[in-house]
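Heads up, the thing below is written out as structure tokens.
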Amino acid sequence: MPLEHGAWGMLYIPMLLGFLVGRTWTWNILTLFLAATGCFLGRGPLLAWARAVRWQKPIGDARQLSLLYLGLGGSAGLILLFLSEKWFLAPMAGLAAIVLGINTWQGMVREDRTILGEVTAILGMTMTAPAALYTTTDRFDWLLAILWLLAILYFASSVFYVKMRVLAAHERSPGSAIRARNTCLQYHTFLVVAVVALAVLRLVPPPAALGFLPVAGRAFWYAARPEKKLNLKQIGWTEVVFSLIFLATAGGFPY
């Protein structure tokens, strides 16, 4: 689904994936949830504040809201860092902050709705997957990178798919619909090869690869049978169902 409609899923589905793979309950789960939610809620006002400064427009309440939400999220993060001694969250949070900082700059120059801009945002938001696994299990190994990669591969699919559907229905310039369809086909071909390789190498349980079949199938189907009819609400709800399938297959089996 479009990033603005699916951002909550891109934040929480990877987090739930990390919790499911960790298979451990601790109160740190709630603290991480508050930290991620506060930082996520602060992104919108922060971008509005940055745009207002850049274009010399009234700031309104954007500054207060961004500081409030980011302060709440940061406070929860500090609790995890110092009280729970989850020290390795610091480099993960730092990397996520850099990536989302780049995405904020992309928003300032109106490039956040491009494929590059949306994928950049996904890189930052899906960091909740390794953060959740580490927070609940103290693991700091290859599995964190694998979960992050799975989440990135999965959610980037919607960017290419929706772009293809939108341009098929509302082509902006001659040839843009064909280019979007070709790019979508290329990405999903890479996606299938990548997840099959991960399963063959036993880096992920084989059922985890099955969670990518719905999104790959719908992309190949509409690329072969493009249509101008576009129902973003229907696409959005379908993506919710596919995300739950991904969560169940990727998080329901031992690694």
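Each chain in the structure tokens gets a letter, A, B and so on, in the order shown; residues start at 1 in every chain, and ligands are counted from 1 in the order they appear.
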Within 10 Å of Thr137 of chain A, counting only C-alpha atoms, which residues qualify if same-chain residues fewer than 2 places away don't, as a VMD selection string?
-> chain A and resid 18 to 19 21 to 26 132 to 135 139 to 140
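For the pair atom CA of Leu72 of chain A and atom CA of Met108 of chain A, the separation is 23.9 Å.
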In segment 14-197 of chain A, what's alpha helix (DSSP H) per DSSP? Answer as number ranges by chain?
-> A: 14-22, 28-54, 62-78, 89-108, 115-125, 128-137, 142-169, 176-197
Can you pull out every residue within 9 Å of Ala93 of chain A, counting only C-alpha atoms, but drop anything in the same chain fewer than 4 positions away, and send it as a PyMOL selection string?
-> chain A and resi 77+88-89+97-98+127+131
Shell of 10 Å around segment 27-30 of chain A, only C-alpha atoms, local chain residues under 5 positions omitted, as a ChimeraX atom specification = /A:15-16,19,35-36,76,79-80,84,86,132-133,135-136
Please produce a file of those selected residues containing all heavy atoms, as a compact mmCIF listing (two decimals), in the first residue's frame.
# COMPACT_ATOMS: atom_id res chain seq x y z
N MET A 15 8.24 -5.25 14.14
CA MET A 15 8.42 -5.35 15.58
C MET A 15 7.79 -6.65 16.10
O MET A 15 8.40 -7.39 16.89
CB MET A 15 7.79 -4.14 16.29
CG MET A 15 8.10 -4.09 17.78
SD MET A 15 7.22 -2.75 18.65
CE MET A 15 7.82 -1.31 17.75
N LEU A 16 6.58 -6.95 15.66
CA LEU A 16 5.92 -8.20 16.07
C LEU A 16 6.71 -9.41 15.58
O LEU A 16 6.78 -10.43 16.28
CB LEU A 16 4.49 -8.24 15.52
CG LEU A 16 3.50 -7.28 16.17
CD1 LEU A 16 2.18 -7.28 15.41
CD2 LEU A 16 3.27 -7.65 17.63
N PHE A 19 9.45 -9.96 18.03
CA PHE A 19 8.93 -10.55 19.26
C PHE A 19 8.58 -12.02 19.08
O PHE A 19 8.85 -12.85 19.96
CB PHE A 19 7.69 -9.78 19.73
CG PHE A 19 7.97 -8.37 20.18
CD1 PHE A 19 7.03 -7.38 20.01
CD2 PHE A 19 9.18 -8.04 20.77
CE1 PHE A 19 7.27 -6.08 20.44
CE2 PHE A 19 9.44 -6.74 21.19
CZ PHE A 19 8.48 -5.76 21.03
N ALA A 35 8.82 3.56 22.74
CA ALA A 35 9.94 4.26 22.12
C ALA A 35 9.73 4.39 20.61
O ALA A 35 9.89 5.48 20.04
CB ALA A 35 11.25 3.52 22.41
N ALA A 36 9.35 3.28 19.97
CA ALA A 36 9.15 3.30 18.52
C ALA A 36 7.96 4.16 18.14
O ALA A 36 8.02 4.93 17.16
CB ALA A 36 8.96 1.87 18.01
N ALA A 76 11.72 6.70 26.54
CA ALA A 76 11.52 5.24 26.61
C ALA A 76 12.78 4.52 26.13
O ALA A 76 13.17 3.50 26.71
CB ALA A 76 10.32 4.83 25.77
N ILE A 79 15.33 4.49 28.86
CA ILE A 79 15.01 3.49 29.88
C ILE A 79 15.56 2.13 29.47
O ILE A 79 16.16 1.41 30.27
CB ILE A 79 13.49 3.43 30.12
CG1 ILE A 79 13.01 4.71 30.80
CG2 ILE A 79 13.12 2.20 30.95
CD1 ILE A 79 11.51 4.81 30.93
N LEU A 80 15.35 1.78 28.20
CA LEU A 80 15.86 0.50 27.70
C LEU A 80 17.38 0.48 27.76
O LEU A 80 18.00 -0.54 28.10
CB LEU A 80 15.40 0.26 26.27
CG LEU A 80 13.94 -0.13 26.08
CD1 LEU A 80 13.58 -0.11 24.59
CD2 LEU A 80 13.66 -1.50 26.66
N SER A 84 17.50 -1.02 31.58
CA SER A 84 17.48 -2.43 31.17
C SER A 84 18.82 -2.88 30.61
O SER A 84 18.98 -4.06 30.29
CB SER A 84 16.37 -2.66 30.14
OG SER A 84 15.10 -2.35 30.68
N LYS A 86 20.24 -2.43 27.71
CA LYS A 86 20.22 -2.93 26.34
C LYS A 86 21.15 -2.05 25.49
O LYS A 86 20.73 -1.28 24.65
CB LYS A 86 18.78 -2.91 25.78
CG LYS A 86 17.80 -3.72 26.60
CD LYS A 86 18.16 -5.20 26.60
CE LYS A 86 17.16 -6.02 27.40
NZ LYS A 86 17.50 -7.46 27.41
N ALA A 132 13.48 -5.47 18.30
CA ALA A 132 12.57 -6.28 19.12
C ALA A 132 13.21 -7.60 19.51
O ALA A 132 13.09 -8.05 20.66
CB ALA A 132 11.27 -6.53 18.36
N LEU A 133 13.91 -8.24 18.58
CA LEU A 133 14.55 -9.51 18.90
C LEU A 133 15.64 -9.32 19.95
O LEU A 133 15.72 -10.08 20.92
CB LEU A 133 15.15 -10.13 17.63
CG LEU A 133 15.87 -11.46 17.83
CD1 LEU A 133 14.92 -12.52 18.37
CD2 LEU A 133 16.51 -11.94 16.53
N THR A 135 15.90 -6.84 22.13
CA THR A 135 15.33 -6.38 23.39
C THR A 135 14.79 -7.53 24.23
O THR A 135 14.87 -7.51 25.46
CB THR A 135 14.21 -5.36 23.11
OG1 THR A 135 14.77 -4.22 22.44
CG2 THR A 135 13.56 -4.88 24.40
N THR A 136 14.24 -8.54 23.58
CA THR A 136 13.63 -9.64 24.34
C THR A 136 14.59 -10.80 24.61
O THR A 136 14.35 -11.58 25.53
CB THR A 136 12.41 -10.18 23.58
OG1 THR A 136 12.77 -10.52 22.24
CG2 THR A 136 11.30 -9.15 23.56
Atomic distance atom CA of Val109 of chain A - atom CA of Leu46 of chain A, expressed in Å with one decimal =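 Atom CA of Leu46 of chain A lies at a distance of 14.0 Å from atom CA of Val109 of chain A.
Proximity ranking of A:Gly252, A:Phe40, A:Ala156, A:Ser66 relative to Leu20 of chain A places A:Gly252 first, based on only C-alpha atoms.
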Compile a residue-level contact table for segment 94-207 of chain A against segment 218-225 of chain A at a cut-off of 10 Å, reporting for every qualifying residue the shortest atom pair and its distance in Å to one decimal, with only C-alpha atoms counted, rows ordered by chain and ascending number, as a Markdown table.
| residue | atom | partner | partner_atom | distance |
| --- | --- | --- | --- | --- |
| A:Ser157 | CA | A:Ala219 | CA | 8.4 |
| A:Ser158 | CA | A:Ala219 | CA | 9.0 |
| A:Phe160 | CA | A:Ala219 | CA | 8.6 |
| A:Tyr161 | CA | A:Ala219 | CA | 6.0 |
| A:Val162 | CA | A:Ala219 | CA | 9.2 |
| A:Met164 | CA | A:Ala223 | CA | 7.9 |
| A:Arg165 | CA | A:Tyr222 | CA | 7.9 |
| A:Ala168 | CA | A:Ala223 | CA | 9.6 |
| A:Ile178 | CA | A:Ala223 | CA | 9.3 |
| A:Ala180 | CA | A:Ala223 | CA | 9.4 |
| A:Arg181 | CA | A:Ala223 | CA | 5.9 |
| A:Asn182 | CA | A:Ala223 | CA | 8.1 |
| A:Cys184 | CA | A:Ala219 | CA | 7.1 |
| A:Leu185 | CA | A:Phe220 | CA | 6.6 |
| A:Tyr187 | CA | A:Ala219 | CA | 9.7 |
| A:His188 | CA | A:Ala219 | CA | 7.2 |
| A:Thr189 | CA | A:Phe220 | CA | 9.0 |
Select, from A:Gln56, A:Leu41, A:Val166, A:Ala90, the residue with the minimum atom-to-atom distance to Tyr69 of chain A, counting only C-alpha atoms.
->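 The shortest atom-to-atom distance to Tyr69 of chain A comes from A:Leu41.
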Hey, can you check how far atom CA of Ile146 of chain A sits from atom CA of Ala199 of chain A?
->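 Value for the atom CA of Ile146 of chain A-atom CA of Ala199 of chain A distance: 11.3 Å.
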Contacts of Leu247 of chain A at 12 Å or less, counting only C-alpha atoms, minus same-chain residues fewer than 5 places along, as a PyMOL selection string?
-> chain A and resi 9-10+12-21+129+147+150-151+154-155+207-212+240-242+252-253
With distances taken over only C-alpha atoms, the candidate from A:Lys228, A:Arg51, A:Lys233, A:His170 nearest Thr104 of chain A is A:Arg51
Of the candidates A:Phe33, A:Leu67, A:Asp141, A:Leu230, which one gets nearest to Lys163 of chain A if we count only C-alpha atoms?
->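 Comparing A:Phe33, A:Leu67, A:Asp141, A:Leu230 against Lys163 of chain A, the winner is A:Leu230.
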